[in-house]
>>> print(open('work_37.cif').read())   # mmCIF, C-alpha atoms and all ligand atoms
data_data
#
loop_
_atom_site.label_atom_id
_atom_site.label_comp_id
_atom_site.auth_asym_id
_atom_site.auth_seq_id
_atom_site.Cartn_x
_atom_site.Cartn_y
_atom_site.Cartn_z
CA MET A 1 -38.41 -5.35 87.91
CA LEU A 2 -38.27 -1.69 86.87
CA GLN A 3 -35.17 0.37 87.62
CA VAL A 4 -34.63 4.10 86.98
CA ARG A 5 -31.01 5.18 86.41
CA PRO A 6 -29.04 7.80 84.43
CA TYR A 7 -28.60 6.89 80.76
CA THR A 8 -25.24 6.66 79.02
CA MET A 9 -24.25 6.53 75.35
CA ARG A 10 -24.33 2.73 75.60
CA ASP A 11 -28.14 3.08 75.90
CA TRP A 12 -28.38 5.16 72.72
CA PRO A 13 -29.65 2.45 70.26
CA GLY A 14 -32.45 1.41 72.65
CA LEU A 15 -33.37 4.98 73.49
CA PHE A 16 -33.51 6.01 69.82
CA GLN A 17 -35.85 3.07 69.15
CA ILE A 18 -38.10 4.37 71.96
CA GLN A 19 -38.16 7.80 70.27
CA ARG A 20 -39.19 6.27 66.94
CA GLU A 21 -41.99 4.25 68.54
CA CYS A 22 -43.26 7.12 70.69
CA PHE A 23 -43.24 9.97 68.19
CA PRO A 24 -44.58 8.60 64.90
CA PRO A 25 -45.63 10.93 62.05
CA PRO A 26 -47.09 13.55 61.87
CA TYR A 27 -44.59 14.38 64.67
CA PRO A 28 -41.58 15.87 62.82
CA GLU A 29 -38.81 13.25 62.58
CA GLU A 30 -36.15 15.96 62.92
CA GLN A 31 -37.46 16.55 66.47
CA LEU A 32 -36.40 13.05 67.59
CA TRP A 33 -33.22 13.08 69.66
CA SER A 34 -29.99 12.80 67.68
CA SER A 35 -26.96 11.05 69.19
CA ALA A 36 -25.28 14.51 69.44
CA GLN A 37 -28.20 15.78 71.58
CA PHE A 38 -28.07 12.69 73.81
CA GLU A 39 -24.34 13.13 74.26
CA SER A 40 -24.95 16.79 75.15
CA HIS A 41 -27.59 15.90 77.78
CA ILE A 42 -25.16 13.50 79.45
CA ARG A 43 -22.32 16.05 79.34
CA HIS A 44 -24.32 19.04 80.69
CA PHE A 45 -26.51 17.36 83.34
CA PRO A 46 -26.00 13.59 83.75
CA ASP A 47 -28.29 13.41 86.82
CA GLY A 48 -31.19 14.73 84.74
CA ALA A 49 -30.76 12.23 81.90
CA LEU A 50 -32.85 9.29 83.12
CA CYS A 51 -34.02 6.02 81.70
CA ALA A 52 -36.29 3.27 83.00
CA VAL A 53 -34.93 -0.22 82.45
CA ALA A 54 -36.73 -3.58 82.59
CA GLY A 55 -35.06 -6.92 81.90
CA GLY A 56 -31.87 -5.09 80.94
CA GLU A 57 -33.62 -3.08 78.17
CA PRO A 58 -34.55 0.63 78.29
CA VAL A 59 -38.35 0.95 78.20
CA GLY A 60 -38.63 4.69 78.83
CA SER A 61 -36.58 7.86 79.04
CA ALA A 62 -36.92 11.33 80.50
CA THR A 63 -34.55 14.27 80.16
CA CYS A 64 -34.45 17.47 82.18
CA LEU A 65 -32.28 20.49 82.97
CA ILE A 66 -32.23 23.28 85.54
CA ILE A 67 -33.49 26.76 84.66
CA GLN A 68 -34.25 29.98 86.54
CA PHE A 69 -38.03 30.39 86.24
CA ASP A 70 -39.93 33.64 86.74
CA PRO A 71 -43.63 32.82 87.41
CA ALA A 72 -44.51 36.42 86.44
CA HIS A 73 -43.29 35.67 82.88
CA PRO A 74 -44.24 32.06 82.23
CA GLU A 75 -44.41 32.26 78.39
CA HIS A 76 -41.59 30.42 76.61
CA THR A 77 -41.00 27.92 73.84
CA TRP A 78 -39.60 24.41 74.18
CA ALA A 79 -36.62 25.34 71.95
CA GLU A 80 -35.71 28.38 74.12
CA VAL A 81 -35.72 26.36 77.33
CA ALA A 82 -34.15 23.22 75.88
CA GLY A 83 -31.42 25.02 73.90
CA ASP A 84 -32.86 23.41 70.76
CA GLY A 85 -32.59 20.05 72.51
CA PHE A 86 -28.90 20.36 73.46
CA ILE A 87 -29.57 21.81 76.97
CA HIS A 88 -26.59 24.18 76.82
CA THR A 89 -29.18 26.40 78.59
CA HIS A 90 -28.71 24.24 81.75
CA ASN A 91 -28.15 26.59 84.71
CA PRO A 92 -26.88 24.80 87.85
CA GLN A 93 -27.70 27.98 89.85
CA GLY A 94 -31.37 27.95 88.76
CA ASP A 95 -34.37 27.11 90.96
CA THR A 96 -36.45 24.88 88.68
CA LEU A 97 -36.00 21.37 87.30
CA TYR A 98 -37.53 21.44 83.79
CA GLY A 99 -38.60 18.27 81.95
CA ILE A 100 -38.05 18.51 78.20
CA ASP A 101 -39.01 14.97 77.22
CA MET A 102 -40.61 11.76 78.41
CA ALA A 103 -41.27 8.67 76.35
CA VAL A 104 -42.38 5.14 77.28
CA ARG A 105 -42.45 2.27 74.77
CA PRO A 106 -46.06 1.62 73.69
CA ALA A 107 -45.79 -2.02 74.86
CA TRP A 108 -44.84 -0.79 78.35
CA ARG A 109 -47.50 1.89 78.79
CA ARG A 110 -49.97 2.06 81.66
CA ARG A 111 -47.68 -0.01 83.89
CA GLY A 112 -46.31 2.86 85.98
CA VAL A 113 -43.13 3.60 84.00
CA ALA A 114 -43.89 7.33 83.63
CA ARG A 115 -44.89 7.47 87.30
CA ALA A 116 -41.49 5.97 88.26
CA LEU A 117 -39.64 8.48 86.05
CA TYR A 118 -41.59 11.37 87.61
CA ALA A 119 -40.83 10.02 91.09
CA ALA A 120 -37.09 10.07 90.20
CA ARG A 121 -37.43 13.67 88.95
CA PHE A 122 -39.22 14.70 92.16
CA ASP A 123 -36.42 13.04 94.18
CA LEU A 124 -33.92 15.14 92.21
CA VAL A 125 -35.85 18.35 93.04
CA ARG A 126 -35.65 17.46 96.75
CA ARG A 127 -32.01 16.33 96.59
CA LEU A 128 -30.90 19.54 94.85
CA GLY A 129 -33.07 21.79 97.06
CA LEU A 130 -34.95 23.22 94.05
CA LYS A 131 -38.27 25.09 94.21
CA ARG A 132 -40.23 23.13 91.64
CA PHE A 133 -40.43 20.71 88.76
CA LEU A 134 -41.92 22.21 85.60
CA ALA A 135 -42.89 20.73 82.23
CA GLY A 136 -44.79 21.72 79.12
CA GLY A 137 -47.13 18.81 78.42
CA ARG A 138 -48.03 18.12 74.79
CA MET A 139 -51.77 17.69 74.32
CA PRO A 140 -51.82 15.20 71.42
CA GLY A 141 -55.53 14.41 71.82
CA TYR A 142 -56.44 18.01 70.99
CA HIS A 143 -56.61 17.49 67.20
CA ARG A 144 -59.73 15.36 67.71
CA TYR A 145 -61.54 18.33 69.31
CA ALA A 146 -59.92 21.24 67.45
CA GLY A 147 -63.09 22.17 65.54
CA ARG A 148 -65.16 22.36 68.73
CA LEU A 149 -62.86 23.44 71.57
CA THR A 150 -60.13 26.01 72.05
CA PRO A 151 -56.84 24.57 73.41
CA GLU A 152 -57.75 26.12 76.80
CA ALA A 153 -61.23 24.50 76.82
CA TYR A 154 -59.69 21.14 75.83
CA ALA A 155 -57.09 21.37 78.62
CA ALA A 156 -59.84 22.31 81.11
CA ALA A 157 -61.89 19.25 80.09
CA VAL A 158 -58.81 17.00 80.54
CA ILE A 159 -58.15 18.58 83.95
CA ARG A 160 -61.79 17.94 84.98
CA GLY A 161 -61.32 14.30 83.92
CA GLU A 162 -63.94 14.51 81.13
CA ILE A 163 -61.39 13.73 78.39
CA ASP A 164 -58.34 11.45 78.68
CA ASP A 165 -55.20 12.78 76.98
CA LEU A 166 -52.25 10.44 76.32
CA VAL A 167 -49.77 12.92 77.83
CA ILE A 168 -51.63 15.39 80.09
CA THR A 169 -53.67 12.76 81.96
CA PRO A 170 -50.60 10.77 83.15
CA GLN A 171 -48.91 14.04 84.15
CA LEU A 172 -51.90 15.04 86.28
CA ARG A 173 -52.10 11.52 87.76
CA ALA A 174 -48.42 11.73 88.65
CA GLY A 175 -49.18 14.81 90.80
CA LEU A 176 -48.40 17.75 88.52
CA ARG A 177 -50.59 20.85 88.85
CA PRO A 178 -51.76 22.72 85.72
CA LEU A 179 -50.67 26.37 85.31
CA GLN A 180 -51.66 27.59 81.82
CA VAL A 181 -51.75 26.72 78.13
CA ILE A 182 -48.78 28.01 76.12
CA HIS A 183 -49.27 28.62 72.38
CA ASN A 184 -46.53 28.09 69.78
CA TYR A 185 -44.60 25.95 72.26
CA LEU A 186 -43.31 23.33 69.81
CA PRO A 187 -44.04 22.32 66.18
CA ASP A 188 -46.61 19.60 66.99
CA GLU A 189 -49.60 19.24 64.66
CA GLU A 190 -51.65 16.97 66.96
CA SER A 191 -51.41 19.53 69.81
CA ALA A 192 -51.92 22.56 67.49
CA ASN A 193 -48.40 23.57 68.67
CA CYS A 194 -49.78 24.08 72.20
CA ALA A 195 -48.67 22.69 75.55
CA LEU A 196 -50.07 22.80 79.06
CA LEU A 197 -47.52 24.13 81.54
CA LEU A 198 -47.55 21.99 84.70
CA GLU A 199 -45.77 22.30 88.02
CA TRP A 200 -44.91 20.08 90.98
CA ARG A 201 -43.61 21.55 94.24
CA PRO A 202 -41.94 19.60 97.04
C1 LIG A 301 -47.13 10.01 78.34
C2 LIG A 301 -46.43 8.68 78.62
C3 LIG A 301 -44.96 8.95 78.91
C4 LIG A 301 -47.11 7.99 79.85
O1 LIG A 301 -46.37 6.81 80.18
P1 LIG A 301 -46.98 5.55 81.00
O2 LIG A 301 -45.82 4.78 81.49
O3 LIG A 301 -47.97 4.85 80.16
O4 LIG A 301 -47.73 6.24 82.23
P2 LIG A 301 -48.05 5.51 83.65
O5 LIG A 301 -48.35 4.05 83.41
O6 LIG A 301 -46.95 5.80 84.63
O7 LIG A 301 -49.37 6.24 84.06
C5 LIG A 301 -49.47 7.22 85.09
C6 LIG A 301 -50.95 7.42 85.36
O8 LIG A 301 -51.61 7.94 84.20
C7 LIG A 301 -52.64 7.05 83.76
N1 LIG A 301 -52.59 6.98 82.29
C8 LIG A 301 -51.52 6.65 81.54
N2 LIG A 301 -51.83 6.72 80.22
C9 LIG A 301 -53.13 7.10 80.18
C10 LIG A 301 -54.04 7.33 79.11
N3 LIG A 301 -53.66 7.18 77.82
N4 LIG A 301 -55.30 7.71 79.44
C11 LIG A 301 -55.67 7.85 80.73
N5 LIG A 301 -54.86 7.63 81.78
C12 LIG A 301 -53.61 7.27 81.49
C13 LIG A 301 -52.31 5.71 84.37
O9 LIG A 301 -53.47 4.92 84.54
C14 LIG A 301 -51.69 6.13 85.68
O10 LIG A 301 -52.67 6.51 86.60
P3 LIG A 301 -52.90 5.71 87.99
O11 LIG A 301 -51.53 5.25 88.46
O12 LIG A 301 -53.52 6.73 88.86
O13 LIG A 301 -53.77 4.58 87.60
C15 LIG A 301 -46.59 7.72 77.39
O14 LIG A 301 -47.95 7.61 77.06
C16 LIG A 301 -45.84 8.18 76.15
O15 LIG A 301 -44.67 7.86 75.96
N6 LIG A 301 -46.51 8.94 75.25
C17 LIG A 301 -45.93 9.36 73.94
C18 LIG A 301 -44.74 10.27 74.06
C19 LIG A 301 -45.07 11.68 74.49
O16 LIG A 301 -45.87 12.37 73.87
N7 LIG A 301 -44.44 12.12 75.62
C20 LIG A 301 -44.72 13.36 76.29
C21 LIG A 301 -44.18 14.59 75.73
S1 LIG A 301 -42.45 14.81 75.66
#
>>> encode(input="work_37.cif", output="structure tokens")
Amino acid sequence: MLQVRPYTMRDWPGLFQIQRECFPPPYPEEQLWSSAQFESHIRHFPDGALCAVAGGEPVGSATCLIIQFDPAHPEHTWAEVAGDGFIHTHNPQGDTLYGIDMAVRPAWRRRGVARALYAARFDLVRRLGLKRFLAGGRMPGYHRYAGRLTPEAYAAAVIRGEIDDLVITPQLRAGLRPLQVIHNYLPDEESANCALLLEWRP
């Protein structure tokens, strides 16, 4: 039985293990959550710090914050929005719930865990009366096509369903709508540092 609930520091060992399993090299190890960042998420916005639990063990986690988003100026980096992962940028007066991370243990993938975490985020958007949920989706499958396709052409092929991407495809299946590719979003070799900005509106 899968349950989604806010995480606490008691979950930290299990959640750090999820990070290690989900972001293996070449993903930079220094980008995995530290206990100080986890503590900061819980302190700034406990409702947005979510984990999925099965059999008493965390099997996935998803962190978000609230920002004020201007659709006329969508360009940004992950570090700017996420306050370098500490979310001191959280703005309770903002209009947009922004997802800065989602990770599901490899052994638990393709069983609806991400879908359940997105559903909890969408509930939060409704509960807080926000305008949208927004996320920059890594596109880790891009490195396999980098010689042949631009990041935009790769994203378009994933959106058309011609290529499956480990991250973008589940986001689209969960109901997010693609907006645009952002370059230099996050140091992420597999995605050529790009992300696809996606939106969900209530
Ligand atoms: C992205 C991730 C969170 C998805 O988690 P998940 O629990 O496996 O996703 P779900 O089982 O909820 O899948 C949701 C939908 O996407 C589909 N899907 C999931 N993984 C897929 C894949 N690799 N290829 C194609 N479709 C996929 C599922 O079939 C499901 O669709 P359906 O319900 O219409 O059949 C997980 O793969 C992960 O942790 N990846 C590594 C970490 C990462 O890069 N996170 C994102 C950036 S912070």
>>> residues_near_ligand(input="work_37.cif", ligand="ligand LIG 301 (chain A)", cutoff="6 Å", atoms="all atoms listed in the file", output="PDB file with C-alpha atoms, keeping the file's coordinate frame")
ATOM      1  CA  CYS A  22     -43.260   7.120  70.690  1.00  0.00           C
ATOM      2  CA  ASP A 101     -39.010  14.970  77.220  1.00  0.00           C
ATOM      3  CA  MET A 102     -40.610  11.760  78.410  1.00  0.00           C
ATOM      4  CA  ALA A 103     -41.270   8.670  76.350  1.00  0.00           C
ATOM      5  CA  VAL A 104     -42.380   5.140  77.280  1.00  0.00           C
ATOM      6  CA  ARG A 109     -47.500   1.890  78.790  1.00  0.00           C
ATOM      7  CA  ARG A 110     -49.970   2.060  81.660  1.00  0.00           C
ATOM      8  CA  ARG A 111     -47.680  -0.010  83.890  1.00  0.00           C
ATOM      9  CA  GLY A 112     -46.310   2.860  85.980  1.00  0.00           C
ATOM     10  CA  VAL A 113     -43.130   3.600  84.000  1.00  0.00           C
ATOM     11  CA  ALA A 114     -43.890   7.330  83.630  1.00  0.00           C
ATOM     12  CA  ARG A 115     -44.890   7.470  87.300  1.00  0.00           C
ATOM     13  CA  GLY A 137     -47.130  18.810  78.420  1.00  0.00           C
ATOM     14  CA  ARG A 138     -48.030  18.120  74.790  1.00  0.00           C
ATOM     15  CA  ASP A 164     -58.340  11.450  78.680  1.00  0.00           C
ATOM     16  CA  ASP A 165     -55.200  12.780  76.980  1.00  0.00           C
ATOM     17  CA  LEU A 166     -52.250  10.440  76.320  1.00  0.00           C
ATOM     18  CA  VAL A 167     -49.770  12.920  77.830  1.00  0.00           C
ATOM     19  CA  THR A 169     -53.670  12.760  81.960  1.00  0.00           C
ATOM     20  CA  PRO A 170     -50.600  10.770  83.150  1.00  0.00           C
ATOM     21  CA  ARG A 173     -52.100  11.520  87.760  1.00  0.00           C
ATOM     22  CA  ALA A 174     -48.420  11.730  88.650  1.00  0.00           C
TER      23      ALA A 174
END
>>> closest_residue(input="work_37.cif", among="A:Leu97, A:Leu15, A:Ile87, A:Ala195", to="A:Leu130", atoms="all atoms listed in the file")
A:Leu97
>>> closest_residue(input="work_37.cif", among="A:Gly55, A:Pro74, A:Pro106, A:Gly147", to="A:Glu21", atoms="only C-alpha atoms")
A:Pro106
>>> residues_around(input="work_37.cif", residues="stretch 119-129 of chain A", least_positions_apart="2", cutoff="10 Å", atoms="only C-alpha atoms", output="count of residues only")
31
>>> closest_residue(input="work_37.cif", among="A:Ile182, A:Cys194, A:Met9, A:Ala107", to="A:Gly141", atoms="only C-alpha atoms")
A:Cys194
>>> closest_residue(input="work_37.cif", among="A:Ile168, A:Val59, A:Trp12, A:Leu134", to="A:Ala36", atoms="all atoms listed in the file")
A:Trp12
>>> atom_distance(input="work_37.cif", atom1="atom CA of A:Tyr154", atom2="atom CA of A:Gln180")
11.9 Å
>>> closest_residue(input="work_37.cif", among="A:Gln68, A:Met139, A:Gly161, A:Gly94", to="A:Glu189", atoms="only C-alpha atoms")
A:Met139
>>> atom_distance(input="work_37.cif", atom1="atom CA of A:Ala192", atom2="atom CA of A:Ala155")
12.3 Å
>>> atom_distance(input="work_37.cif", atom1="atom CA of A:Phe38", atom2="atom CA of A:Phe86")
7.7 Å
>>> closest_residue(input="work_37.cif", among="A:Ser191, A:Ile100, A:Gly83, A:Glu75", to="A:Arg144", atoms="all atoms listed in the file")
A:Ser191
>>> build_atoms(input="work_37.cif", residues="stretch 44-65 of chain A", atoms="N, CA and C atoms", output="JSON list (two decimals), in the coordinates of the input")
[["chain", "number", "residue", "atom", "x", "y", "z"],
["A", 44, "HIS", "N", -23.92, 17.86, 79.93],
["A", 44, "HIS", "CA", -24.32, 19.04, 80.69],
["A", 44, "HIS", "C", -24.94, 18.70, 82.04],
["A", 45, "PHE", "N", -25.77, 17.62, 82.09],
["A", 45, "PHE", "CA", -26.51, 17.36, 83.34],
["A", 45, "PHE", "C", -26.81, 15.86, 83.44],
["A", 46, "PRO", "N", -25.79, 15.05, 83.75],
["A", 46, "PRO", "CA", -26.00, 13.59, 83.75],
["A", 46, "PRO", "C", -27.09, 13.13, 84.72],
["A", 47, "ASP", "N", -27.26, 13.84, 85.86],
["A", 47, "ASP", "CA", -28.29, 13.41, 86.82],
["A", 47, "ASP", "C", -29.71, 13.57, 86.26],
["A", 48, "GLY", "N", -29.85, 14.47, 85.28],
["A", 48, "GLY", "CA", -31.19, 14.73, 84.74],
["A", 48, "GLY", "C", -31.52, 13.89, 83.52],
["A", 49, "ALA", "N", -30.57, 13.07, 83.08],
["A", 49, "ALA", "CA", -30.76, 12.23, 81.90],
["A", 49, "ALA", "C", -31.10, 10.83, 82.38],
["A", 50, "LEU", "N", -32.41, 10.51, 82.44],
["A", 50, "LEU", "CA", -32.85, 9.29, 83.12],
["A", 50, "LEU", "C", -33.48, 8.30, 82.15],
["A", 51, "CYS", "N", -33.25, 7.03, 82.44],
["A", 51, "CYS", "CA", -34.02, 6.02, 81.70],
["A", 51, "CYS", "C", -34.58, 5.00, 82.68],
["A", 52, "ALA", "N", -35.68, 4.36, 82.24],
["A", 52, "ALA", "CA", -36.29, 3.27, 83.00],
["A", 52, "ALA", "C", -35.92, 1.99, 82.28],
["A", 53, "VAL", "N", -35.44, 1.01, 83.04],
["A", 53, "VAL", "CA", -34.93, -0.22, 82.45],
["A", 53, "VAL", "C", -35.70, -1.41, 83.03],
["A", 54, "ALA", "N", -36.08, -2.33, 82.14],
["A", 54, "ALA", "CA", -36.73, -3.58, 82.59],
["A", 54, "ALA", "C", -36.09, -4.73, 81.83],
["A", 55, "GLY", "N", -35.70, -5.77, 82.53],
["A", 55, "GLY", "CA", -35.06, -6.92, 81.90],
["A", 55, "GLY", "C", -33.81, -6.53, 81.11],
["A", 56, "GLY", "N", -33.10, -5.52, 81.59],
["A", 56, "GLY", "CA", -31.87, -5.09, 80.94],
["A", 56, "GLY", "C", -32.07, -4.16, 79.76],
["A", 57, "GLU", "N", -33.33, -3.92, 79.34],
["A", 57, "GLU", "CA", -33.62, -3.08, 78.17],
["A", 57, "GLU", "C", -34.25, -1.76, 78.60],
["A", 58, "PRO", "N", -33.84, -0.62, 78.00],
["A", 58, "PRO", "CA", -34.55, 0.63, 78.29],
["A", 58, "PRO", "C", -35.99, 0.57, 77.77],
["A", 59, "VAL", "N", -36.94, 0.94, 78.62],
["A", 59, "VAL", "CA", -38.35, 0.95, 78.20],
["A", 59, "VAL", "C", -38.93, 2.36, 78.23],
["A", 60, "GLY", "N", -38.16, 3.31, 78.80],
["A", 60, "GLY", "CA", -38.63, 4.69, 78.83],
["A", 60, "GLY", "C", -37.47, 5.62, 79.11],
["A", 61, "SER", "N", -37.63, 6.89, 78.73],
["A", 61, "SER", "CA", -36.58, 7.86, 79.04],
["A", 61, "SER", "C", -37.19, 9.21, 79.35],
["A", 62, "ALA", "N", -36.44, 10.02, 80.09],
["A", 62, "ALA", "CA", -36.92, 11.33, 80.50],
["A", 62, "ALA", "C", -35.70, 12.22, 80.73],
["A", 63, "THR", "N", -35.71, 13.38, 80.08],
["A", 63, "THR", "CA", -34.55, 14.27, 80.16],
["A", 63, "THR", "C", -34.97, 15.60, 80.78],
["A", 64, "CYS", "N", -34.13, 16.16, 81.62],
["A", 64, "CYS", "CA", -34.45, 17.47, 82.18],
["A", 64, "CYS", "C", -33.19, 18.30, 82.38],
["A", 65, "LEU", "N", -33.39, 19.56, 82.71],
["A", 65, "LEU", "CA", -32.28, 20.49, 82.97],
["A", 65, "LEU", "C", -32.75, 21.45, 84.05]]
